[in-house]
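Student: This is the structure I have questions about; it appears just below.
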Amino acid sequence: MSSSTSFATPKFEVKSHALLRSTATKIAVENLDFFYGKTQALRDISIEIPERQVMAFIGPSGCGKTTFLRTLNRMNDVIPGTRVEGNVTIDGADIYATGADVVELRRKVGMVFQKSNPFPKSIFDNVAYGLKINRVTSSRSELEGRVEEALKDAALWSEVKDRLKTSALGLSGGQQQRLCIARALAIRPEVILMDEPASALDPIATSKIEELIFDLKKQYTIVIVTHNMQQAARVSDLTAFFLLGKLIEVNSTEKMFTAPNQKLTEDYITGRFG
Amino acid sequence: MTSLTALCTLVAVGILVLILSYIAMRGVSALNFRFLIDTPRPIGEGGGIGNAIVGSGMLLLLSCAVGIPVGIACGIYLSEFGGGWFVSAVRFLIDRLTGIPSIVTGVFVYAVIVLRMKHFSAFAGGIALALIMIPIVARTTEEMIKLVPHSLREGALALGAPQWRVTIGVVLPAAASGIATGAMLAIARVSGETAPLLFTAFGSRFFPRNLNEPIASLTVQIYNYAISPYDEWHAQAWAATLVLMALILSINILVRFLTRQKFR
């Protein structure tokens, strides 16, 4: 198992923009164990996530992929009785070190949730929330500029520019999810974690989110959890397969879906279980 | 089934309408502008409830100023920050507190404040009412905050918001209309209270000048007039009741208006 859990520099195909992107490691995880009370949810996970690429986590329900995603911005901290062992470093800094600033970490590592969760505020205030909280902008016009930019980056601007003051809850499901992406983008994180961002959306809204992910990886490191293997194949450069709290295989997406190294991966991908 | 529930609803609403219309009918005869601004006078000279209206207003403001912030803060603590046996104990005590007869609260405040200050005061009355409000506000705040979906909190936390900013900026606004309803219930409850004021605010025949002396209130004035042997005062008690109900209704409407949920 140890050979499969260590991660070699991927031999991905040279795509048109691939030369521009670096393969430097953004997030490095070593021997991570995670517990909900006495239940161990993650076992000895080691993985390196390169910057400005999309890595997809796949695996059956309850395999720990969402739990693992949430360890990367310490979102599990808010669940009582959880415990983490092992190392997670982002840009070389240990995020679980004593004295590590969780607030700072979450500014750097944004998150989009499975169920879109816009605040019951206006569209503008939703995107502006992170900017205000973090005192990013010094003037109203700067704030408006950043909100517009974030909405444009999330491919939502043209649909909402005339109704910024109206409630975010009046948007469609797909729009709400893109609003949540805009909200995360507004504070210019370096990493974006996406927890099944399209699972509750129809195919058209899903394809918009997927196009968006494709655009965003030019600037951001993206980690996406997905149930949908076609989606993983479409959007990601790299894929990691989890099973029963273990990381079974990490590989370039192309390799993963054509000739995986592990028998278990192949069984899962070909639909023999899960 | 439908007809049975409809019938029960009709009975409940019917009784309410009956009470309201009866009060209006009895009250309207003694009601005039002079009655609303004058102080009480001896029998045969008319007089009014102006001082009682002002007094009730001041007592309510006082009790809100103490009871609502403390109640909301307590509710926030119970739902957001607490855990374990301490919170369970506090919740249990608050529930018991809600059930304490208001006369007991009045006697309690009499013992710890009035006796010590050696005189009745608006201050003591306001505290007595606040003590009745706190458990109501605290429990509704707690329940309303619990209804705010966890995903909203996580969304805010994931943007780098510290816990206290999540509570104030996201959770409280999302629960605001529910909390306001709780506060309104508490206000409506205490504005009808008489017993706790008898031993604390006591009552007065004059307009209030400061919070350190006895103060008139509508409920105590209604009580005093209703038990008097004079028909004129009985009529004034009915009119004062009508005014009290109108005031409570307008407070309700005002609070609804101020806290109407823009984004729902």
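Residue numbering restarts at 1 for every chain of the structure tokens, chains are lettered A, B, ... in their displayed order, and ligands are numbered from 1 as they appear.
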Write out as a PDB file with N, CA and C atoms, in the first residue's frame each polymer residue whose atoms come within 6 Å of A:Asn73, counting only C-alpha atoms; drop sequence neighbours fewer than 3 positions from it.
Tutor:
ATOM      1  N   ARG A  70     -12.099  18.610   4.478  1.00  0.00           N
ATOM      2  CA  ARG A  70     -12.322  19.569   5.560  1.00  0.00           C
ATOM      3  C   ARG A  70     -11.147  19.666   6.531  1.00  0.00           C
ATOM      4  N   ARG A 106      -8.066  30.006   6.774  1.00  0.00           N
ATOM      5  CA  ARG A 106      -9.316  29.949   6.009  1.00  0.00           C
ATOM      6  C   ARG A 106      -9.430  31.076   5.000  1.00  0.00           C
ATOM      7  N   VAL A 109      -7.407  29.433   2.261  1.00  0.00           N
ATOM      8  CA  VAL A 109      -8.022  28.223   1.712  1.00  0.00           C
ATOM      9  C   VAL A 109      -9.537  28.380   1.750  1.00  0.00           C
TER      10      VAL A 109
END
Student: With only C-alpha atoms as the counted atoms, please give the residues lying no more than 9 Å from B:Thr167, apart from itself and same-chain residues fewer than 5 positions off, as a PyMOL selection string.
Tutor: chain B and resi 76+80+153+162+172-173
Student: Work out how far apart atom CA of A:Arg178 and atom CA of B:Lys146 are and give it in Å to one decimal.
Tutor: 26.8 Å
Student: Just the residues within 7 Å of B:Ile37, please, counting only C-alpha atoms, with nothing from its chain fewer than 2 positions along; format it as an NGL selection string.
Tutor: :B and (33-35 or 39 or 48-50)
Student: Residues of chain B within 6 Å of chain A, counting only C-alpha atoms, what are they? List them as a list in words.
Tutor: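 Filtering chain B at 6 Å from chain A with only C-alpha atoms gives Leu152, Ala158, Leu159, Gly160 and Phe263 of chain B.
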Student: Emit the selected residues as a compact mmCIF listing (two decimals), in the first residue's frame, including N, CA and C atoms.
Tutor:
# COMPACT_ATOMS: atom_id res chain seq x y z
N LEU B 152 -24.88 27.76 7.25
CA LEU B 152 -24.62 29.21 7.21
C LEU B 152 -23.39 29.56 8.06
N ALA B 158 -15.74 29.55 6.98
CA ALA B 158 -14.84 29.21 5.89
C ALA B 158 -14.29 30.46 5.20
N LEU B 159 -14.93 31.61 5.43
CA LEU B 159 -14.41 32.85 4.86
C LEU B 159 -13.44 33.54 5.81
N GLY B 160 -13.09 32.86 6.87
CA GLY B 160 -12.13 33.44 7.81
C GLY B 160 -12.77 34.32 8.86
N PHE B 263 -34.96 39.77 3.70
CA PHE B 263 -34.54 38.71 2.81
C PHE B 263 -35.06 37.38 3.31
